[in-house]
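Peer 1: Coordinates in upload.cif, mmCIF, C-alpha atoms, are listed below.
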data_protein
loop_
_atom_site.label_atom_id
_atom_site.label_comp_id
_atom_site.auth_asym_id
_atom_site.auth_seq_id
_atom_site.Cartn_x
_atom_site.Cartn_y
_atom_site.Cartn_z
CA MET A 350 2.01 25.97 4.17
CA LEU A 351 0.71 27.43 7.40
CA ILE A 352 -2.44 26.68 9.38
CA ALA A 353 -5.04 29.38 10.00
CA LYS A 354 -8.63 29.68 11.18
CA VAL A 355 -11.26 31.25 8.94
CA VAL A 356 -12.56 34.19 10.96
CA GLY A 357 -14.37 36.15 8.28
CA SER A 358 -14.74 37.00 4.64
CA VAL A 359 -13.81 40.03 2.54
CA VAL A 360 -15.95 41.50 -0.22
CA ALA A 361 -14.39 44.01 -2.62
CA THR A 362 -16.53 45.32 -5.43
CA ARG A 363 -13.98 47.68 -6.93
CA LYS A 364 -10.89 45.60 -7.67
CA ASP A 365 -8.41 44.59 -10.33
CA GLU A 366 -10.42 42.93 -13.09
CA LYS A 367 -7.99 40.01 -13.17
CA LEU A 368 -9.06 39.05 -9.65
CA GLY A 369 -12.41 37.91 -11.05
CA SER A 370 -15.04 36.65 -8.64
CA ALA A 371 -12.70 34.74 -6.31
CA LYS A 372 -14.02 34.28 -2.75
CA LEU A 373 -11.71 35.96 -0.24
CA LEU A 374 -11.37 34.62 3.31
CA LEU A 375 -9.98 36.47 6.33
CA CYS A 376 -7.85 33.95 8.23
CA GLN A 377 -6.02 34.18 11.55
CA VAL A 378 -2.77 32.21 11.62
CA HIS A 379 -2.35 29.56 14.35
CA ASP A 380 0.95 28.00 15.46
CA HIS A 381 1.69 24.26 15.74
CA HIS A 382 0.32 24.20 19.32
CA ASN A 383 -2.96 25.65 17.97
CA GLN A 384 -2.32 29.01 19.65
CA PRO A 385 -3.62 31.97 17.59
CA LYS A 386 -0.85 34.27 16.38
CA GLU A 387 -1.06 38.02 15.89
CA GLN A 388 -0.89 37.45 12.16
CA TYR A 389 -3.63 37.20 9.58
CA VAL A 390 -3.90 36.63 5.86
CA ILE A 391 -6.54 37.17 3.19
CA ALA A 392 -6.59 34.08 1.00
CA VAL A 393 -8.54 32.97 -2.05
CA ASP A 394 -10.72 29.94 -1.27
CA ALA A 395 -10.00 27.02 -3.63
CA VAL A 396 -11.64 24.25 -1.58
CA GLY A 397 -14.93 25.64 -0.24
CA ALA A 398 -13.92 26.45 3.35
CA GLY A 399 -16.31 28.16 5.75
CA PRO A 400 -16.24 30.27 8.93
CA GLY A 401 -14.56 28.49 11.85
CA ASP A 402 -12.75 26.00 9.63
CA MET A 403 -9.06 25.35 10.30
CA ILE A 404 -7.37 25.58 6.91
CA LEU A 405 -3.98 25.19 5.22
CA TYR A 406 -2.87 27.97 2.90
CA ALA A 407 -0.01 28.26 0.42
CA THR A 408 1.71 31.56 -0.34
CA GLY A 409 3.84 33.14 -3.03
CA SER A 410 3.85 31.99 -6.63
CA SER A 411 2.55 28.57 -5.51
CA ALA A 412 -0.75 30.30 -4.73
CA ARG A 413 -1.26 30.83 -8.47
CA GLN A 414 -1.13 27.10 -9.18
CA THR A 415 -4.90 26.53 -9.12
CA VAL A 416 -7.48 26.80 -11.89
CA LEU A 417 -9.07 29.61 -9.86
CA THR A 418 -5.93 31.71 -9.38
CA ASP A 419 -3.84 30.92 -12.49
CA GLY A 420 -2.49 34.18 -13.97
CA ARG A 421 -4.20 36.32 -11.33
CA PRO A 422 -2.69 38.72 -8.76
CA VAL A 423 -3.04 36.33 -5.82
CA ASP A 424 -0.37 35.48 -3.22
CA ALA A 425 -2.30 33.26 -0.79
CA VAL A 426 -4.71 30.40 -1.46
CA VAL A 427 -6.59 28.00 0.83
CA MET A 428 -5.63 24.51 -0.41
CA ALA A 429 -7.03 22.19 2.29
CA VAL A 430 -9.38 22.02 5.27
CA VAL A 431 -7.63 20.50 8.30
CA ASP A 432 -9.38 17.66 10.20
CA SER A 433 -6.72 17.06 12.84
CA TRP A 434 -3.03 17.10 13.59
CA ASP A 435 -0.60 15.67 16.11
CA LEU A 436 2.75 16.77 17.50
CA SER A 437 5.33 14.35 18.91
CA GLY A 438 2.58 11.69 18.69
CA LYS A 439 0.05 13.68 20.77
CA ASN A 440 -3.20 14.99 19.29
CA VAL A 441 -3.28 18.79 19.25
CA TYR A 442 -6.32 19.62 17.12
CA GLU A 443 -9.44 17.61 16.31
CA LYS A 444 -12.17 19.15 14.16
CA TRP A 445 -14.95 16.88 15.40
CA SER A 446 -14.23 17.08 19.15
CA MET B 5 16.96 23.66 0.39
CA HIS B 6 16.84 23.71 4.16
CA LEU B 7 17.39 21.31 7.05
CA GLY B 8 14.41 20.35 9.17
CA ARG B 9 12.87 17.82 11.42
CA VAL B 10 9.44 16.21 11.12
CA ILE B 11 7.52 16.89 14.36
CA GLY B 12 3.93 15.91 13.57
CA ARG B 13 1.29 14.76 11.11
CA VAL B 14 -1.64 16.64 9.60
CA VAL B 15 -4.92 15.09 8.41
CA ALA B 16 -6.93 17.00 5.81
CA THR B 17 -9.64 15.20 3.83
CA ARG B 18 -11.00 18.13 1.84
CA ARG B 19 -8.16 19.39 -0.33
CA TYR B 20 -7.47 20.92 -3.72
CA GLU B 21 -8.03 18.40 -6.53
CA GLY B 22 -4.76 16.81 -7.54
CA LEU B 23 -3.49 16.61 -3.97
CA GLU B 24 -5.14 13.25 -3.24
CA GLY B 25 -2.78 10.85 -1.50
CA VAL B 26 -0.20 13.52 -0.68
CA THR B 27 1.01 13.38 2.96
CA LEU B 28 1.15 16.56 5.00
CA GLN B 29 3.47 16.85 8.00
CA TRP B 30 4.70 19.52 10.37
CA VAL B 31 8.35 20.41 9.78
CA GLU B 32 10.47 22.43 12.19
CA PRO B 33 13.22 24.33 10.36
CA LEU B 34 16.73 23.68 11.70
CA GLY B 35 19.79 25.90 11.46
CA GLU B 36 23.25 25.01 10.18
CA ASP B 37 24.14 23.44 13.53
CA GLY B 38 20.93 21.41 13.82
CA ARG B 39 19.22 23.73 16.29
CA PRO B 40 15.58 24.79 15.77
CA GLU B 41 15.39 28.00 13.77
CA GLY B 42 12.09 29.65 12.95
CA ALA B 43 8.43 28.71 13.16
CA PRO B 44 7.27 25.19 12.18
CA LEU B 45 5.33 24.87 8.94
CA VAL B 46 3.34 22.21 7.11
CA ALA B 47 5.00 20.51 4.13
CA THR B 48 4.04 17.74 1.74
CA THR B 49 6.34 14.72 1.83
CA ALA B 50 7.81 13.22 -1.30
CA VAL B 51 9.81 10.61 0.62
CA SER B 52 8.81 8.18 3.34
CA VAL B 53 9.47 10.06 6.59
CA GLY B 54 7.72 10.46 9.94
CA PRO B 55 7.91 12.34 13.24
CA GLY B 56 11.46 12.56 14.59
CA ASP B 57 13.14 12.22 11.19
CA PHE B 58 15.94 14.57 10.11
CA VAL B 59 15.10 15.86 6.60
CA THR B 60 15.81 18.38 3.86
CA TRP B 61 12.94 20.47 2.49
CA VAL B 62 12.36 23.07 -0.19
CA ASP B 63 10.06 26.06 -0.21
CA GLY B 64 8.50 28.08 -3.00
CA ARG B 65 6.96 26.96 -6.25
CA GLU B 66 9.52 24.18 -6.71
CA ALA B 67 7.88 22.30 -3.84
CA ALA B 68 4.88 21.50 -6.06
CA MET B 69 7.14 19.62 -8.49
CA THR B 70 7.44 16.79 -5.95
CA CYS B 71 3.68 16.09 -6.09
CA PRO B 72 2.15 13.54 -8.52
CA ARG B 73 0.51 16.49 -10.30
CA ALA B 74 2.84 19.49 -10.49
CA PHE B 75 0.17 22.17 -10.98
CA VAL B 76 -0.97 22.26 -7.34
CA PRO B 77 -0.84 25.01 -4.68
CA VAL B 78 2.04 23.64 -2.58
CA ASP B 79 4.80 25.90 -1.20
CA ALA B 80 6.83 23.52 1.01
CA ALA B 81 7.89 19.90 0.52
CA VAL B 82 10.18 17.43 2.27
CA VAL B 83 12.56 16.13 -0.40
CA GLY B 84 15.08 14.01 1.47
CA PHE B 85 15.83 11.93 4.55
CA VAL B 86 19.12 13.00 6.11
CA SER B 87 21.25 10.10 7.34
CA GLN B 88 24.28 12.19 8.19
CA ALA B 89 25.17 15.89 8.32
CA ALA B 90 28.41 17.61 9.30
CA ARG B 91 29.49 21.20 9.86
CA LEU B 92 33.22 22.11 9.91
CA GLY B 93 34.03 18.43 10.08
CA ARG B 94 31.80 17.77 13.07
CA GLU B 95 28.69 15.63 12.74
CA PHE B 96 25.44 16.92 14.21
CA GLU B 97 21.94 15.62 14.79
CA PRO B 98 18.60 17.28 15.46
CA PRO B 99 17.45 17.71 19.09
CA PRO B 100 14.80 15.37 20.56
CA LEU B 101 11.13 15.95 19.72
CA PRO B 102 9.50 18.85 21.57
CA GLU B 103 7.34 18.26 24.65
CA VAL B 104 3.63 18.75 24.00
CA ARG B 105 1.56 20.43 26.70
#
Output the structure of this file as structure tokens.
Peer 2:
Amino acid sequence: MLIAKVVGSVVATRKDEKLGSAKLLLCQVHDHHNQPKEQYVIAVDAVGAGPGDMILYATGSSARQTVLTDGRPVDAVVMAVVDSWDLSGKNVYEKWS
Amino acid sequence: MHLGRVIGRVVATRRYEGLEGVTLQWVEPLGEDGRPEGAPLVATTAVSVGPGDFVTWVDGREAAMTCPRAFVPVDAAVVGFVSQAARLGREFEPPPLPEVR
């Protein structure tokens, strides 16, 4: 999984019918030092994340392993909202700070 | 399977149902000689490991098989604690933990 920040949402009216009504989030990938990378991903929201949230997303066939995405053409899914993380024992990100 | 080193811990309370109790940690991929290779990623841990530990990890759909419930969106998992590794007859270890700014 990689960590990314929810920076927007994507609405597509005309789409593959198998996609259903899944909520799509535009996420900017951050590295382990919490620096934004020049990389983004559009992921299906399976946990109820919102704008500004730091999230964890899974890619590839693993992204289809949710009730929401099973059997659908999806390759990225938000599977957790991150509260905090540390590196080498030092706090790097804290949601409530 | 790949070599890696645990470099940090991730806390996430709101998560996909079925992932309760699963630990999430930062893993830095290591090359065949134990040197860092590629960008760190977050993996679930099926074995008891912590920051600084030398581990093996898997990516892809197989990673979810290590979780209590296998039908979960997990694409990376630590599957083993490495006690010894050797390349061309020479033992190697991972480098010390990275400095944090």
Peer 1: Using 12 Å as the limit and counting only C-alpha atoms, can you tabulate each residue of chain B that touches chain A, with its shortest atom-to-atom distance in Å and the two atoms involved, as JSON lines?
Peer 2:
{"residue": "B:Arg9", "atom": "CA", "partner": "A:Ser437", "partner_atom": "CA", "distance": 11.2}
{"residue": "B:Val10", "atom": "CA", "partner": "A:Ser437", "partner_atom": "CA", "distance": 9.0}
{"residue": "B:Ile11", "atom": "CA", "partner": "A:Ser437", "partner_atom": "CA", "distance": 5.7}
{"residue": "B:Gly12", "atom": "CA", "partner": "A:Leu436", "partner_atom": "CA", "distance": 4.2}
{"residue": "B:Arg13", "atom": "CA", "partner": "A:Asp435", "partner_atom": "CA", "distance": 5.4}
{"residue": "B:Val14", "atom": "CA", "partner": "A:Trp434", "partner_atom": "CA", "distance": 4.3}
{"residue": "B:Val15", "atom": "CA", "partner": "A:Ser433", "partner_atom": "CA", "distance": 5.2}
{"residue": "B:Ala16", "atom": "CA", "partner": "A:Val431", "partner_atom": "CA", "distance": 4.4}
{"residue": "B:Thr17", "atom": "CA", "partner": "A:Asp432", "partner_atom": "CA", "distance": 6.8}
{"residue": "B:Arg18", "atom": "CA", "partner": "A:Val430", "partner_atom": "CA", "distance": 5.4}
{"residue": "B:Arg19", "atom": "CA", "partner": "A:Ala429", "partner_atom": "CA", "distance": 4.0}
{"residue": "B:Tyr20", "atom": "CA", "partner": "A:Met428", "partner_atom": "CA", "distance": 5.2}
{"residue": "B:Glu21", "atom": "CA", "partner": "A:Val396", "partner_atom": "CA", "distance": 8.5}
{"residue": "B:Gly22", "atom": "CA", "partner": "A:Thr415", "partner_atom": "CA", "distance": 9.8}
{"residue": "B:Leu23", "atom": "CA", "partner": "A:Met428", "partner_atom": "CA", "distance": 8.9}
{"residue": "B:Glu24", "atom": "CA", "partner": "A:Ala429", "partner_atom": "CA", "distance": 10.7}
{"residue": "B:Val26", "atom": "CA", "partner": "A:Ala429", "partner_atom": "CA", "distance": 11.4}
{"residue": "B:Thr27", "atom": "CA", "partner": "A:Ala429", "partner_atom": "CA", "distance": 11.9}
{"residue": "B:Leu28", "atom": "CA", "partner": "A:Met350", "partner_atom": "CA", "distance": 9.5}
{"residue": "B:Gln29", "atom": "CA", "partner": "A:Trp434", "partner_atom": "CA", "distance": 8.6}
{"residue": "B:Trp30", "atom": "CA", "partner": "A:His381", "partner_atom": "CA", "distance": 7.8}
{"residue": "B:Val31", "atom": "CA", "partner": "A:His381", "partner_atom": "CA", "distance": 9.7}
{"residue": "B:Glu32", "atom": "CA", "partner": "A:His381", "partner_atom": "CA", "distance": 9.6}
{"residue": "B:Gly42", "atom": "CA", "partner": "A:Asp380", "partner_atom": "CA", "distance": 11.5}
{"residue": "B:Ala43", "atom": "CA", "partner": "A:Asp380", "partner_atom": "CA", "distance": 7.9}
{"residue": "B:Pro44", "atom": "CA", "partner": "A:His381", "partner_atom": "CA", "distance": 6.7}
{"residue": "B:Leu45", "atom": "CA", "partner": "A:Leu351", "partner_atom": "CA", "distance": 5.5}
{"residue": "B:Val46", "atom": "CA", "partner": "A:Met350", "partner_atom": "CA", "distance": 5.0}
{"residue": "B:Ala47", "atom": "CA", "partner": "A:Met350", "partner_atom": "CA", "distance": 6.2}
{"residue": "B:Thr48", "atom": "CA", "partner": "A:Met350", "partner_atom": "CA", "distance": 8.8}
{"residue": "B:Gly54", "atom": "CA", "partner": "A:Ser437", "partner_atom": "CA", "distance": 10.1}
{"residue": "B:Pro55", "atom": "CA", "partner": "A:Ser437", "partner_atom": "CA", "distance": 6.5}
{"residue": "B:Gly56", "atom": "CA", "partner": "A:Ser437", "partner_atom": "CA", "distance": 7.7}
{"residue": "B:Asp57", "atom": "CA", "partner": "A:Ser437", "partner_atom": "CA", "distance": 11.2}
{"residue": "B:Val62", "atom": "CA", "partner": "A:Met350", "partner_atom": "CA", "distance": 11.6}
{"residue": "B:Asp63", "atom": "CA", "partner": "A:Met350", "partner_atom": "CA", "distance": 9.2}
{"residue": "B:Gly64", "atom": "CA", "partner": "A:Ser411", "partner_atom": "CA", "distance": 6.5}
{"residue": "B:Arg65", "atom": "CA", "partner": "A:Ser411", "partner_atom": "CA", "distance": 4.8}
{"residue": "B:Glu66", "atom": "CA", "partner": "A:Ser411", "partner_atom": "CA", "distance": 8.3}
{"residue": "B:Ala67", "atom": "CA", "partner": "A:Ser411", "partner_atom": "CA", "distance": 8.4}
{"residue": "B:Ala68", "atom": "CA", "partner": "A:Ser411", "partner_atom": "CA", "distance": 7.5}
{"residue": "B:Met69", "atom": "CA", "partner": "A:Ser411", "partner_atom": "CA", "distance": 10.5}
{"residue": "B:Arg73", "atom": "CA", "partner": "A:Gln414", "partner_atom": "CA", "distance": 10.8}
{"residue": "B:Ala74", "atom": "CA", "partner": "A:Gln414", "partner_atom": "CA", "distance": 8.7}
{"residue": "B:Phe75", "atom": "CA", "partner": "A:Gln414", "partner_atom": "CA", "distance": 5.4}
{"residue": "B:Val76", "atom": "CA", "partner": "A:Gln414", "partner_atom": "CA", "distance": 5.2}
{"residue": "B:Pro77", "atom": "CA", "partner": "A:Gln414", "partner_atom": "CA", "distance": 5.0}
{"residue": "B:Val78", "atom": "CA", "partner": "A:Ser411", "partner_atom": "CA", "distance": 5.8}
{"residue": "B:Asp79", "atom": "CA", "partner": "A:Ser411", "partner_atom": "CA", "distance": 5.5}
{"residue": "B:Ala80", "atom": "CA", "partner": "A:Met350", "partner_atom": "CA", "distance": 6.3}
{"residue": "B:Ala81", "atom": "CA", "partner": "A:Met350", "partner_atom": "CA", "distance": 9.2}
{"residue": "B:Val82", "atom": "CA", "partner": "A:Met350", "partner_atom": "CA", "distance": 12.0}
{"residue": "B:Pro100", "atom": "CA", "partner": "A:Ser437", "partner_atom": "CA", "distance": 9.7}
{"residue": "B:Leu101", "atom": "CA", "partner": "A:Ser437", "partner_atom": "CA", "distance": 6.1}
{"residue": "B:Pro102", "atom": "CA", "partner": "A:Ser437", "partner_atom": "CA", "distance": 6.7}
{"residue": "B:Glu103", "atom": "CA", "partner": "A:Ser437", "partner_atom": "CA", "distance": 7.2}
{"residue": "B:Val104", "atom": "CA", "partner": "A:Leu436", "partner_atom": "CA", "distance": 6.9}
{"residue": "B:Arg105", "atom": "CA", "partner": "A:His382", "partner_atom": "CA", "distance": 8.4}
Peer 1: In Å, rounded to a single decimal, give me how far atom CA of B:Arg39 is from atom CA of B:Trp61.
Peer 2: 15.5 Å
Peer 1: Please, what distance in Å, to one decimal, runs between atom CA of B:Val51 and atom CA of B:Gly84?
Peer 2: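 Value for the atom CA of B:Val51-atom CA of B:Gly84 distance: 6.3 Å.
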Peer 1: Mind giving me the straight-line distance from atom CA of B:Arg94 to atom CA of B:Ser52 in Å, one decimal?
Peer 2: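 So the answer is 26.7 Å.
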Peer 1: Pick the closest to B:Gly35 from B:Leu92, B:Val59, B:Ala50, B:Leu7: which is it, counting all atoms listed in the file?
Peer 2: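 Distance minimum relative to B:Gly35 lands on B:Leu7.
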Peer 1: In the coordinates of the file, take the point (-15.6, 33.3, 7.7) and a cut-off of 6 Å; then, counting all atoms listed in the file, name each qualifying protein, DNA or RNA residue as a VMD selection string.
Peer 2: chain A and resid 355 to 358 399 to 400
Peer 1: Which residues match the PyMOL selection byres ((chain A and resi 360) around 10) in the file above, as a VMD selection string?
Peer 2: chain A and resid 358 to 359 361 to 364 370 to 374
Peer 1: Please provide as a ChimeraX atom specification all residues within 12 Å of B:Ser87, with the sequence filter that same-chain residues fewer than 6 positions apart are discarded (counting only C-alpha atoms).
Peer 2: /B:7,53,57-60,95-98
Peer 1: Nearest residue to B:Ala89 out of B:Gly38, B:Pro72, B:Thr49, B:Gly25, using only C-alpha atoms?
Peer 2: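 Counting only C-alpha atoms, the residue closest to B:Ala89 is B:Gly38.
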